[in-house]
Amino acid sequence: MELTDIIVKFILIVIVFAISLVVAMYSTYAERKIAAFFQDRVGPNRAGPFGMLQPLADGAKMFLKEEIIPTRASGLLFIVGPSLAILTACIGSAVIPWGQKLTIGSTIIDLQVTDINVGILYIFGVVSLGVYGIMIGGWASNNKYSLLGAIRAASQNISYEISMGLSIIALLLVTGSLSLREIAEQQHSFWQGGLPWEGGWFTWNFFKQPLGFMIFIVCAFAETNRTPFDLPECETELVGGYHTEYSSMKLGFYLFAEYINMFVSSAVMATLYFGGYNFPFMDSLGLSANWIAIIGVIVLFAKIFAFIFFFMWIRWTIPRFRYDQLMNLGWKTLIPLAIANIVITGIVVTLLN
Amino acid sequence: MESLSNRKKVLEVKPLNIWERAYLPAIFKGLAITMKHFFKKPVTIKYPEQKREFSENFRGMHSLKRDEDGRERCTACGLCALSCPAEAITMTAAERQKGEENLYREEKYAAVYEINMLRCIFCGLCEEACPKEAIYLDGDIVPADYLRKDFIYGKDKLVEAPLNQ
């Protein structure tokens, strides 16, 4: 690897990291503002114009609050928990392709931190590590309510990881690749090969795998612990949830990790099913490759924000599941559906070939 | 058990059909409902800048009125205190001295007039009882305070500002 490559990668890593943090920060603002609009309220409007500085104020408050570690908590694990949560949330974005390749002079900049050929597996590995953050945090608190919340989180994540993995297998049957870059490239443009009666087809995987996408998005909600699957935290029966004993920035890390997770899973959904950085008519605009790449990045972010909005939209629509309903849905509905999806996809792929 | 009123209705709980059990139609319906709210005008009033208008018959803080010459109307007859169901009003009467005709309208006036705002229930009976149209509950909400003694409002807080000020 040349020095320029290393520098470019380093800059890219910093940018991706900064973007995920800023997006997560302003997701908290967006969450409150969108919640307000859904409830015919105004929302935060004190700090700065339209309350735009609210996340900064919240962050300052988080940092300045007193840090409390319960006497009987296991000290090291108590700190490892939130650190692990935010760490796993942050490294997930490494394999997401943010855009096509940029060409500046003779250097080609790959808008992706690393293009490993098992990108999806990497994402799955990282996501399943995320539950350790919650589990360790709940365990280390030495509080039975926290522990209950953590156990609920663990069993929920395991249950939904299965159907998420199965829904991805059906996608892999269609794409034939585990590399996120390649999957994004396969969804080039929006429509391929002439008009419908001339054998044209949608390139976006959503149109090939609608059921798989439905399963995936439901599982994504469960994996990011968002409503209606936010059982790890519950004010009514668990006092607070896995983070009951946490205060100041350690709590902040947990909350922050949730928003980063939301951002990353939105990016993954946009890449896997909604064409990533591809957009309709991208070849017929007559722009240079670099411009297409830049517009692609913007388009990808538009898709990501649409998904984040959808996450918040759902939050103010559907009430929280009961625990047995959650398990019923996961094991008795989603897993059979995902398996059926694999079988159908397999048959169709075999017949088409 | 036999129904007493004969109006008992046997509740039928039909099992959900496959369409209902898929939840998705219901979820989309719910999403449409919340989305409608997204475009509604906020009903919140931005409080410190904007204040909600009180209704016509809102009863707020009391004020002791002055007449057209700026003299206090209250003659310390005590009817307001008598009519007060919460016994929030107390007063001490005093006789008007020579040279004070521009201050008090009648020969008798209230030297001390106190309303305990912690006791007051804002029923408006003092307003109705007053024969001199001296007391009205036309003020704002009684502000919060830290000490109980600060809720006993004397004439300094109750009497209207003089006319030529």
# chains A, B, ... in the order shown; residues from 1 in each chain; ligands from 1

$ closest_atom_pairs --of "chain A" --to "chain B" --cutoff "9 Å" --atoms "only C-alpha atoms" --output "Markdown table"
| residue | atom | partner | partner_atom | distance |
| --- | --- | --- | --- | --- |
| A:Ile34 | CA | B:Phe38 | CA | 7.8 |
| A:Ala35 | CA | B:Phe38 | CA | 8.8 |
| A:Ala36 | CA | B:Pro42 | CA | 8.3 |
| A:Phe37 | CA | B:Phe38 | CA | 5.0 |
| A:Phe38 | CA | B:Phe38 | CA | 4.5 |
| A:Gln39 | CA | B:His37 | CA | 6.6 |
| A:Asp40 | CA | B:Pro42 | CA | 4.3 |
| A:Arg41 | CA | B:Pro42 | CA | 4.7 |
| A:Val42 | CA | B:Pro42 | CA | 5.9 |
| A:Trp313 | CA | B:Leu31 | CA | 7.2 |
| A:Ile314 | CA | B:Leu31 | CA | 7.0 |
| A:Trp316 | CA | B:Thr34 | CA | 7.2 |
| A:Thr317 | CA | B:Gly30 | CA | 5.9 |
| A:Ile318 | CA | B:Ile27 | CA | 7.3 |

$ write_last_selection --atoms "C-alpha atoms" --output "PDB file, in the first residue's frame"
ATOM      1  CA  ILE A  34     -40.176  14.924  14.381  1.00  0.00           C
ATOM      2  CA  ALA A  35     -41.851  13.615  17.517  1.00  0.00           C
ATOM      3  CA  ALA A  36     -43.093  17.134  18.121  1.00  0.00           C
ATOM      4  CA  PHE A  37     -44.522  17.431  14.626  1.00  0.00           C
ATOM      5  CA  PHE A  38     -46.260  14.075  14.896  1.00  0.00           C
ATOM      6  CA  GLN A  39     -47.867  15.255  18.112  1.00  0.00           C
ATOM      7  CA  ASP A  40     -48.815  18.752  16.857  1.00  0.00           C
ATOM      8  CA  ARG A  41     -46.198  20.364  19.070  1.00  0.00           C
ATOM      9  CA  VAL A  42     -43.300  22.688  18.343  1.00  0.00           C
ATOM     10  CA  TRP A 313     -42.149   7.667  12.096  1.00  0.00           C
ATOM     11  CA  ILE A 314     -42.716   4.096  13.298  1.00  0.00           C
ATOM     12  CA  TRP A 316     -44.698   7.460  17.089  1.00  0.00           C
ATOM     13  CA  THR A 317     -47.115   5.059  15.429  1.00  0.00           C
ATOM     14  CA  ILE A 318     -46.760   1.615  16.944  1.00  0.00           C
TER      15      ILE A 318
END

$ residues_around --residues "region 106-111 of chain B" --least-positions-apart "6" --cutoff "6 Å" --atoms "only C-alpha atoms" --output "VMD selection string"
chain B and resid 75 to 76 92 to 96

$ residues_around --residues "Ser179 (chain A)" --least-positions-apart "4" --cutoff "10 Å" --atoms "only C-alpha atoms" --output "ChimeraX atom specification"
/A:95-97,115-122,172,175,183-185

$ write_last_selection --atoms "N, CA, C and O atoms" --output "compact mmCIF listing (two decimals), in the first residue's frame"
# COMPACT_ATOMS: atom_id res chain seq x y z
N VAL A 95 -17.46 -0.90 6.15
CA VAL A 95 -17.56 -1.62 4.88
C VAL A 95 -18.64 -1.05 3.97
O VAL A 95 -18.89 -1.59 2.89
N ILE A 96 -19.28 0.02 4.38
CA ILE A 96 -20.36 0.56 3.56
C ILE A 96 -19.78 1.39 2.42
O ILE A 96 -18.98 2.30 2.67
N PRO A 97 -20.15 1.09 1.19
CA PRO A 97 -19.68 1.92 0.08
C PRO A 97 -20.49 3.21 0.01
O PRO A 97 -21.70 3.18 -0.17
N ASP A 115 -13.06 -2.52 1.22
CA ASP A 115 -13.95 -3.35 0.42
C ASP A 115 -13.60 -4.81 0.65
O ASP A 115 -12.94 -5.44 -0.17
N ILE A 116 -13.99 -5.33 1.81
CA ILE A 116 -13.69 -6.74 2.04
C ILE A 116 -14.79 -7.57 1.38
O ILE A 116 -15.94 -7.13 1.28
N ASN A 117 -14.42 -8.76 0.93
CA ASN A 117 -15.40 -9.53 0.16
C ASN A 117 -16.40 -10.29 1.05
O ASN A 117 -17.22 -11.03 0.56
N VAL A 118 -16.31 -10.09 2.35
CA VAL A 118 -17.34 -10.67 3.22
C VAL A 118 -18.04 -9.55 3.99
O VAL A 118 -18.38 -9.72 5.16
N GLY A 119 -18.26 -8.41 3.31
CA GLY A 119 -18.79 -7.22 3.96
C GLY A 119 -20.02 -7.48 4.81
O GLY A 119 -20.12 -7.02 5.95
N ILE A 120 -20.97 -8.27 4.27
CA ILE A 120 -22.22 -8.48 5.00
C ILE A 120 -21.94 -9.27 6.28
O ILE A 120 -22.48 -8.96 7.34
N LEU A 121 -21.06 -10.27 6.15
CA LEU A 121 -20.73 -11.07 7.34
C LEU A 121 -20.09 -10.19 8.40
O LEU A 121 -20.36 -10.34 9.60
N TYR A 122 -19.22 -9.28 7.95
CA TYR A 122 -18.58 -8.35 8.88
C TYR A 122 -19.64 -7.54 9.63
O TYR A 122 -19.61 -7.43 10.85
N LEU A 172 -28.51 -13.09 -0.99
CA LEU A 172 -27.25 -13.58 -1.55
C LEU A 172 -27.50 -14.51 -2.73
O LEU A 172 -26.71 -14.54 -3.68
N THR A 175 -27.89 -12.02 -5.53
CA THR A 175 -26.73 -11.21 -5.91
C THR A 175 -25.49 -12.07 -6.15
O THR A 175 -24.65 -11.70 -6.96
N ILE A 183 -22.56 -5.64 -4.46
CA ILE A 183 -24.03 -5.62 -4.43
C ILE A 183 -24.55 -4.25 -4.87
O ILE A 183 -25.51 -4.14 -5.64
N ALA A 184 -23.87 -3.18 -4.42
CA ALA A 184 -24.29 -1.84 -4.83
C ALA A 184 -24.11 -1.66 -6.34
O ALA A 184 -24.96 -1.08 -7.01
N GLU A 185 -22.97 -2.17 -6.86
CA GLU A 185 -22.72 -2.02 -8.30
C GLU A 185 -23.75 -2.77 -9.12
O GLU A 185 -24.14 -2.32 -10.21

$ residues_around --residues "Ala154 (chain A)" --least-positions-apart "3" --cutoff "7 Å" --atoms "only C-alpha atoms" --output "number ranges by chain"
A: 131, 135, 150-151, 157-158

$ write_last_selection --atoms "N, CA and C atoms" --output "short mmCIF file (atom, residue, chain, number, x, y, z; two decimals), in the first residue's frame"
data_model
loop_
_atom_site.label_atom_id
_atom_site.label_comp_id
_atom_site.auth_asym_id
_atom_site.auth_seq_id
_atom_site.Cartn_x
_atom_site.Cartn_y
_atom_site.Cartn_z
N VAL A 131 -24.62 -6.43 21.16
CA VAL A 131 -25.45 -6.84 22.29
C VAL A 131 -24.60 -7.07 23.53
N MET A 135 -25.48 -6.24 27.32
CA MET A 135 -25.48 -7.36 28.27
C MET A 135 -24.50 -7.09 29.41
N ALA A 150 -31.23 -6.35 30.18
CA ALA A 150 -30.12 -6.82 29.36
C ALA A 150 -30.42 -8.20 28.79
N ILE A 151 -31.04 -9.06 29.63
CA ILE A 151 -31.36 -10.41 29.14
C ILE A 151 -32.39 -10.33 28.03
N ASN A 157 -32.15 -9.92 20.49
CA ASN A 157 -31.20 -9.78 19.39
C ASN A 157 -30.87 -11.13 18.76
N ILE A 158 -30.73 -12.16 19.61
CA ILE A 158 -30.43 -13.49 19.07
C ILE A 158 -31.59 -13.96 18.19
#

$ atom_distance --atom1 "CA of Gly59 (chain A)" --atom2 "CA of Ser83 (chain A)"
16.6 Å

$ select_by_dssp --residues "region 40-94 of chain B" --states "alpha helix (DSSP H)" --output "MDAnalysis selection string"
chainID B and resid 79:83
